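Note sheet for the following structure.
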Amino acid sequence: MDTWSIKKLAGHCGARLEGVSLANASTSQLQEMRSALFEHGVIVMPQQHLSPDQHIKLAEFFGEIVVNRFFTPVASHPIIAEVRTSPNQAEVIGGTWHTDHSYDAAPAMCSILSAKELPPFGGDTHFASMAASYRAMSPGLQNILKGLRAWHSDSSFATTKQGINPKQGAFRDPVIHPVIIKHPNTGTPCVFVNGDFTINFENWSIEESAPMLSYLYALITKPIFTARVVWEPGMVAIWDNRLVQHYATADYSGYTRLMHRITVAGVPLEGA
Ligand SMILES: [Fe+2]
């Protein structure tokens with residue numbers, strides 16, 4: 001049976017997996033893929049061209065699917081979210097560094113994006129390792145951060161211009177997570193604050209939190225910790241929202257980009 005060929009995309013995160021068709025993969029091939037995800041944070045598999053049903057089956061290998069409350073569903077398969085940029089749209093979904101669903105009490109384990117329609121250039125997605133940036137910190141800063149928790153909220157969706165129209169009742173109360181989490185599967189310590197959804201540290205005001213959060217956002221997105229994914233036809237990308245943050249590049253004005261996204265349920269996060 002074929003095995004995956006695995007090549008790292010960069011020093012601290014990302015791997016390209018080739019040689020196996022996801023639609024026909026055996027359980028052991030899927031397990032090998034999941035191990036690569038936990039090792040590299042984000043994995044990309046070109047030329048997969050998954051149908052919506054195959055996309056759903058792949059997601060169910062990882063766990064229960066969580067339907068996003070804010071995105072437009074795919075009409076034929078509403079369990080899949082449509083991530084669409086229209087030619088006349090200036091701002092794109094995800095055009096800032098973030099992790100998906102950190103505003104949920106049990107944040108999403110992984111997101112699975114399937115390329116449907118790509119612009120002729122641009123639209124790359126950047127990923128940054130939250131484990132590598134933690135390792136690069138001094139023990140002094142690590143210890144301070146390990147003692148902190150932070151509030152996360154979905155409130156930024158209320159003012160976004162990214163083609164999202166939240167339904168009445170979509171918003172929830174803020175939730176709290178450790179600033180340094182222990183990866184639920186591997187135990188790896190990871191930074192878990194992001195610029196889209198983190199509001200402030202527990203028992204700190206928003207003003208008091210802002211300088212430290214700004215420092216952390218600059219640190220965790222340093223190019224050395226990142227990998228850049230250049231999309232190819234039929235490519236599937238899976239990222240672990242606890243291990244990496246991501247950023248969608250909006251540099252293809254005038255063109256359509258359509259991706260299908262499924263998000264898989266995670267667990268409440270514990271501190272490292
Ligand atoms: Fe995202």
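Chain labels A, B, ... are given in the sequence in which chains occur in the structure tokens; within each chain residues are numbered consecutively from 1, and ligands are likewise numbered from 1 in the order shown.
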
Just want the residues within 12 Å of ligand 1, written as a PyMOL selection string, counting only C-alpha atoms and all ligand atoms. chain A and resi 68+70-71+81-83+92-102+108+110-113+125-127+194-197+237-241+244-249+259-263

Write out, as a Markdown table, each residue of segment 18-131 of chain A that has an atom at most 10 Å from segment 3-7 of chain A, together with the closest pair of atoms and their distance in Å to one decimal, counting only C-alpha atoms, rows going by chain and rising number.
```
| residue | atom | partner | partner_atom | distance |
| --- | --- | --- | --- | --- |
| A:Glu18 | CA | A:Ser5 | CA | 5.2 |
| A:Gly19 | CA | A:Trp4 | CA | 5.3 |
| A:Val20 | CA | A:Trp4 | CA | 6.0 |
| A:Ser21 | CA | A:Trp4 | CA | 9.5 |
| A:Ala25 | CA | A:Thr3 | CA | 9.8 |
| A:Ser28 | CA | A:Thr3 | CA | 9.4 |
| A:Gln29 | CA | A:Thr3 | CA | 6.9 |
| A:Leu30 | CA | A:Trp4 | CA | 9.7 |
| A:Glu32 | CA | A:Trp4 | CA | 7.9 |
| A:Met33 | CA | A:Trp4 | CA | 7.8 |
| A:Ala36 | CA | A:Ile6 | CA | 8.2 |
| A:Ile43 | CA | A:Ile6 | CA | 9.2 |
| A:Val44 | CA | A:Ile6 | CA | 9.8 |
| A:Met45 | CA | A:Ile6 | CA | 9.8 |
```

With C-alpha atoms retained, could you export that selection as a short mmCIF file (atom, residue, chain, number, x, y, z; two decimals), in the first residue's frame?
```cif
data_model
loop_
_atom_site.label_atom_id
_atom_site.label_comp_id
_atom_site.auth_asym_id
_atom_site.auth_seq_id
_atom_site.Cartn_x
_atom_site.Cartn_y
_atom_site.Cartn_z
CA GLU A 18 1.71 13.41 -1.36
CA GLY A 19 1.21 9.91 -2.71
CA VAL A 20 -2.14 8.92 -1.19
CA SER A 21 -5.68 9.76 -2.31
CA ALA A 25 -7.21 6.34 2.22
CA SER A 28 -3.56 3.58 8.85
CA GLN A 29 -2.91 6.16 6.11
CA LEU A 30 -5.33 8.55 7.84
CA GLU A 32 -0.24 8.67 9.61
CA MET A 33 -1.71 11.91 8.23
CA ALA A 36 1.89 14.53 10.64
CA ILE A 43 -0.39 19.82 6.38
CA VAL A 44 -1.21 20.38 2.71
CA MET A 45 -2.16 17.71 0.20
#
```

Hey, what's within 10 Å of Lys146 of chain A if we count only C-alpha atoms and toss same-chain stuff fewer than 5 positions away? As a VMD selection string, please? chain A and resid 141 178 to 181 189 191 271 to 272

In terms of the shortest atom-to-atom distance over only C-alpha atoms, which of A:Gly187, A:Pro78, A:Pro223, A:Gly63 is closest to Arg242 of chain A? A:Gly187

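Ranking A:Pro73, A:Gly14, A:Pro52, A:Gly266 by their shortest atom-to-atom distance to His183 of chain A, with only C-alpha atoms included, puts A:Gly266 first.
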
Identify, with DSSP run on backbone atoms, the residues in segment 48-190 of chain A assigned to strand (DSSP E or B), and express the list as a PyMOL selection string. chain A and resi 65-66+72-74+77-85+98+110-117+125-129+149-152+175-178+180-182+189-190

Tell me, as a list in words, which residues lie within 12 Å of Asp53 of chain A, counting only C-alpha atoms; anything in the same chain fewer than 5 positions away does not count.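 Once the adjacent positions are removed, what remains is Ala23, Leu58, Ala59, Glu60, Val74, Ser76, His77, Pro78, Ile79, Ile80, Ser114, His260 and Ile262 of chain A.
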
Find the residues around segment 200-204 of chain A up to 8 Å (only C-alpha atoms counted), leave out those fewer than 2 positions away in its own chain, and share them as a PyMOL selection string. chain A and resi 148-152+176+198+206+208-210

Members of segment 43-247 of chain A assigned helix (DSSP H, G or I) by DSSP, as a ChimeraX atom specification: /A:52-62,130-136,139-146,155-158,206-220,223-225

So which residues touch Leu216 of chain A within 9 Å, counting only C-alpha atoms, skipping near sequence neighbours fewer than 4 positions away, as a ChimeraX atom specification? /A:191,193-194,211-212,220-221

Writer output for current selection, C-alpha atoms, as an mmCIF file, in the first residue's frame:
```cif
data_model
loop_
_atom_site.group_PDB
_atom_site.id
_atom_site.type_symbol
_atom_site.label_atom_id
_atom_site.label_comp_id
_atom_site.auth_asym_id
_atom_site.auth_seq_id
_atom_site.Cartn_x
_atom_site.Cartn_y
_atom_site.Cartn_z
ATOM 1 C CA VAL A 191 0.664 30.259 22.914
ATOM 2 C CA VAL A 193 -3.968 34.369 22.345
ATOM 3 C CA ASN A 194 -4.890 35.924 18.994
ATOM 4 C CA PRO A 211 0.891 46.220 25.623
ATOM 5 C CA MET A 212 1.668 42.587 26.507
ATOM 6 C CA ILE A 220 4.328 34.861 17.498
ATOM 7 C CA THR A 221 4.010 36.034 13.887
#
```

Would you pick out the contacts of Leu219 of chain A at 10 Å or less, using only C-alpha atoms, so that residues sharing its chain but fewer than 5 positions from it are not included, and give the list as a PyMOL selection string? chain A and resi 130+133-134+136-137+213-214+224-225

In Å to one decimal, how far is atom CA of Val67 of chain A from atom CA of Pro107 of chain A? 12.3 Å

Straight-line distance linking atom CA of Leu243 of chain A with atom CA of Trp231 of chain A, stated in Å to one decimal: 20.5 Å

So which one's closest to Gly234 of chain A, A:Val264, A:Ala128, A:Leu118, A:Ile56? Using only C-alpha atoms, please. A:Leu118

Residue nearest Glu91 of chain A among A:Ser129, A:Arg228, A:Gly123, A:Leu22 (counting only C-alpha atoms):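 Result for the nearest residue to Glu91 of chain A: A:Gly123.
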